Amino acid sequence: MREAFDVAVAGGGMVGSAIALGCAEAGARVALLDQGDVALRAARGNFGLVWSQGKGDEYPAYAAWTRASVDRWGAFADRMGEAAGTEIGLRQQGGVVFCLGEAEYEARAALVARLHNQPGGAKVRMLDRAALEALLPEAPLGPTVLGGSYEPADGHVNPLLLLRGMHAAFRATGGAHLPGGTITAIRPGFPFEIDREGGETIRAARVVVAAGLGTMRLAAMLGMEVPVRPVRGQNIVTERLPLMLRLPASGVRQTVEGSVQIGVTNEEGQDEPVTSVTDLARMAARAVKVLPPLADARMVRAWAAIRPMTPDGFPVYAQSAAHPGAFAAVCHSGVTLAAVHRGVLGPAILTGDLPDLVADLGPGRFHARAA
Amino acid sequence: MLARPDPGTLTFSFDGAAVRARPGDTVAAALLANGIVTTRTTPVGDRPRGPFCMMGACFDCLAVVDGVGGVQTCLTEVREGMQVETQHGARGLHD
């Protein structure tokens, strides 16, 4: 039987790969387990945003945690690019949320004002139409774009290349990347024992459940209650186009290769990753209001992904009281938080000493609110 | 390259040169039948591409047709006098 690992991470997507990488880089023997092609694979179904704007509106711990990650992203991208053998397409020169019409502009301005009242103060600021045009001189903005909010620290990345980089870096650091097996049971003990379909058992001193929508089932095996529900997101991808949008926006971005990605829906109670013409048409109509020349662009493909969402939308980091050494981590913003999951959370799991910011994001908050 | 027994009665142009086609041919099919396999170069790496799936799914057969870029030649039927050109990189949206 194979020797026990220091850490086994259940889930090789955005969250699991980053945590596993952080543990491996800190010197631990790590196994990264993944269900493989039959999984829901939200790591391949996101928008690639590295985004702090508007986050943690009423939750300072989350705003600070997000900010910490965004600040680390540049160095993280460089290292992931080295491992991947190609730059991973990070462009971190600011992010915009476009406002169409007066009502949107006023609502956004009110949110930005609230964010500035928080300790630590966000740098996001409102831009009127003239300021937006100065920021994006090449963007053919539609007439109803009255302005937007702008956060200079934000950006976007190629999420598939990010995943490739994390996996390559993990393997290069000596990690055991073990995709292609559904976990059937996790048995607490010293070490923990993880059974997979096909009869294999992996043993590890610590287990981190970071399995997206599979987290609830697996975490329950280790005495952790981690509520996650599925939310469907649909996207449109266009043909490669000449540069028209230099900075990412929350519903439309142009990749470094020239494709324009348009999103996104947030549909509750859907578990089939299928698109609907009505939703795609609505998203396309809004994108055309922002950038009218997109009306002539060809849609090359559309896809949908089933993505994890927690009760309040913020990450949940759990530590098992019944079975010390077992952890769980799930969030909706796996791309943005990848840098801090690798740089802070991974190493902290090895010591068992989670930072305060992370402790503030535990599942106990759901019970406290219910009380 | 296999020679077509009946090259067809239609004539269109590709990068200025005359190409024969049969009524009902798609532009992609006619180009391939005439030994022309490249219809565009890629926006990122400037690499040659041409028809592949022949059914509108791969978007590799793009060319400029009568001045309009990004046209899927496998879904476009040849018309007499049509002017087809290699598309270099990404097309502008005001083409």
# chains A, B, ... in the order shown; residues from 1 in each chain; ligands from 1
>>> interface_residues(of="chain B", to="chain A", cutoff="10 Å", atoms="only C-alpha atoms", output="list in words")
Thr42, Pro43, Val44, Gly45, Gly56, Ala57, Cys58, Phe59, Gly70, Val71, Gly89, Ala90, Arg91, Gly92, Leu93, His94 and Asp95 of chain B
>>> residues_around(residues="B:Asp66", least_positions_apart="2", cutoff="7 Å", atoms="only C-alpha atoms", output="PDB file with N, CA, C and O atoms, in the first residue's frame")
ATOM      1  N   VAL B  64     -13.095  36.323 -46.382  1.00  0.00           N
ATOM      2  CA  VAL B  64     -13.809  37.555 -46.715  1.00  0.00           C
ATOM      3  C   VAL B  64     -14.591  37.293 -48.000  1.00  0.00           C
ATOM      4  O   VAL B  64     -14.001  36.926 -49.022  1.00  0.00           O
ATOM      5  N   VAL B  68     -17.188  41.184 -46.971  1.00  0.00           N
ATOM      6  CA  VAL B  68     -17.611  40.947 -45.589  1.00  0.00           C
ATOM      7  C   VAL B  68     -16.731  39.860 -44.967  1.00  0.00           C
ATOM      8  O   VAL B  68     -16.614  38.756 -45.519  1.00  0.00           O
ATOM      9  N   MET B  82     -18.799  35.983 -57.415  1.00  0.00           N
ATOM     10  CA  MET B  82     -18.486  36.203 -56.006  1.00  0.00           C
ATOM     11  C   MET B  82     -16.987  36.463 -55.859  1.00  0.00           C
ATOM     12  O   MET B  82     -16.170  35.829 -56.532  1.00  0.00           O
ATOM     13  N   GLN B  83     -16.632  37.374 -54.940  1.00  0.00           N
ATOM     14  CA  GLN B  83     -15.215  37.667 -54.703  1.00  0.00           C
ATOM     15  C   GLN B  83     -14.843  37.216 -53.300  1.00  0.00           C
ATOM     16  O   GLN B  83     -15.338  37.754 -52.312  1.00  0.00           O
ATOM     17  N   VAL B  84     -13.986  36.214 -53.266  1.00  0.00           N
ATOM     18  CA  VAL B  84     -13.558  35.654 -51.986  1.00  0.00           C
ATOM     19  C   VAL B  84     -12.092  35.984 -51.797  1.00  0.00           C
ATOM     20  O   VAL B  84     -11.298  35.909 -52.747  1.00  0.00           O
TER      21      VAL B  84
END
>>> atom_distance(atom1="atom CA of B:Pro7", atom2="atom CA of B:His88")
27.8 Å
>>> select_by_dssp(residues="stretch 47-274 of chain A", states="helix (DSSP H, G or I)", output="ChimeraX atom specification")
/A:60-84,101-116,129-135,159-172,212-220
>>> decode(residues="stretch 7-56 of chain B", atoms="C-alpha atoms", output="JSON list (two decimals), in the first residue's frame")
[["chain", "number", "residue", "atom", "x", "y", "z"],
["B", 7, "PRO", "CA", -15.13, 21.58, -62.91],
["B", 8, "GLY", "CA", -18.44, 23.39, -63.16],
["B", 9, "THR", "CA", -20.07, 26.26, -64.95],
["B", 10, "LEU", "CA", -19.77, 28.97, -62.33],
["B", 11, "THR", "CA", -16.78, 31.24, -61.89],
["B", 12, "PHE", "CA", -15.84, 33.13, -58.75],
["B", 13, "SER", "CA", -12.56, 34.62, -57.66],
["B", 14, "PHE", "CA", -10.24, 33.79, -54.80],
["B", 15, "ASP", "CA", -7.59, 36.42, -54.03],
["B", 16, "GLY", "CA", -8.17, 37.74, -57.54],
["B", 17, "ALA", "CA", -7.73, 34.46, -59.40],
["B", 18, "ALA", "CA", -10.62, 32.77, -61.20],
["B", 19, "VAL", "CA", -11.98, 29.55, -59.66],
["B", 20, "ARG", "CA", -14.53, 27.20, -61.26],
["B", 21, "ALA", "CA", -17.43, 25.81, -59.29],
["B", 22, "ARG", "CA", -20.60, 23.78, -59.80],
["B", 23, "PRO", "CA", -24.03, 25.16, -58.93],
["B", 24, "GLY", "CA", -24.77, 24.10, -55.36],
["B", 25, "ASP", "CA", -21.12, 24.00, -54.29],
["B", 26, "THR", "CA", -20.32, 25.75, -51.07],
["B", 27, "VAL", "CA", -17.38, 28.13, -51.36],
["B", 28, "ALA", "CA", -15.37, 25.81, -49.09],
["B", 29, "ALA", "CA", -16.11, 22.76, -51.22],
["B", 30, "ALA", "CA", -15.22, 24.60, -54.42],
["B", 31, "LEU", "CA", -11.96, 25.89, -52.97],
["B", 32, "LEU", "CA", -10.96, 22.43, -51.78],
["B", 33, "ALA", "CA", -11.88, 20.92, -55.14],
["B", 34, "ASN", "CA", -9.50, 23.41, -56.72],
["B", 35, "GLY", "CA", -6.66, 22.56, -54.37],
["B", 36, "ILE", "CA", -7.03, 25.67, -52.21],
["B", 37, "VAL", "CA", -6.85, 24.65, -48.54],
["B", 38, "THR", "CA", -6.07, 27.94, -46.77],
["B", 39, "THR", "CA", -8.78, 30.58, -46.38],
["B", 40, "ARG", "CA", -7.44, 32.57, -43.46],
["B", 41, "THR", "CA", -4.57, 33.17, -41.04],
["B", 42, "THR", "CA", -5.07, 33.08, -37.29],
["B", 43, "PRO", "CA", -5.29, 36.32, -35.29],
["B", 44, "VAL", "CA", -2.84, 35.26, -32.60],
["B", 45, "GLY", "CA", -0.15, 33.19, -34.35],
["B", 46, "ASP", "CA", -0.67, 34.19, -38.02],
["B", 47, "ARG", "CA", -0.96, 30.50, -38.94],
["B", 48, "PRO", "CA", -2.82, 29.17, -41.99],
["B", 49, "ARG", "CA", -6.27, 27.66, -41.57],
["B", 50, "GLY", "CA", -8.94, 26.33, -43.91],
["B", 51, "PRO", "CA", -12.14, 24.28, -44.07],
["B", 52, "PHE", "CA", -12.27, 21.38, -41.63],
["B", 53, "CYS", "CA", -15.64, 20.24, -40.33],
["B", 54, "MET", "CA", -17.57, 21.36, -43.42],
["B", 55, "MET", "CA", -20.69, 21.81, -41.29],
["B", 56, "GLY", "CA", -20.46, 25.19, -39.57]]
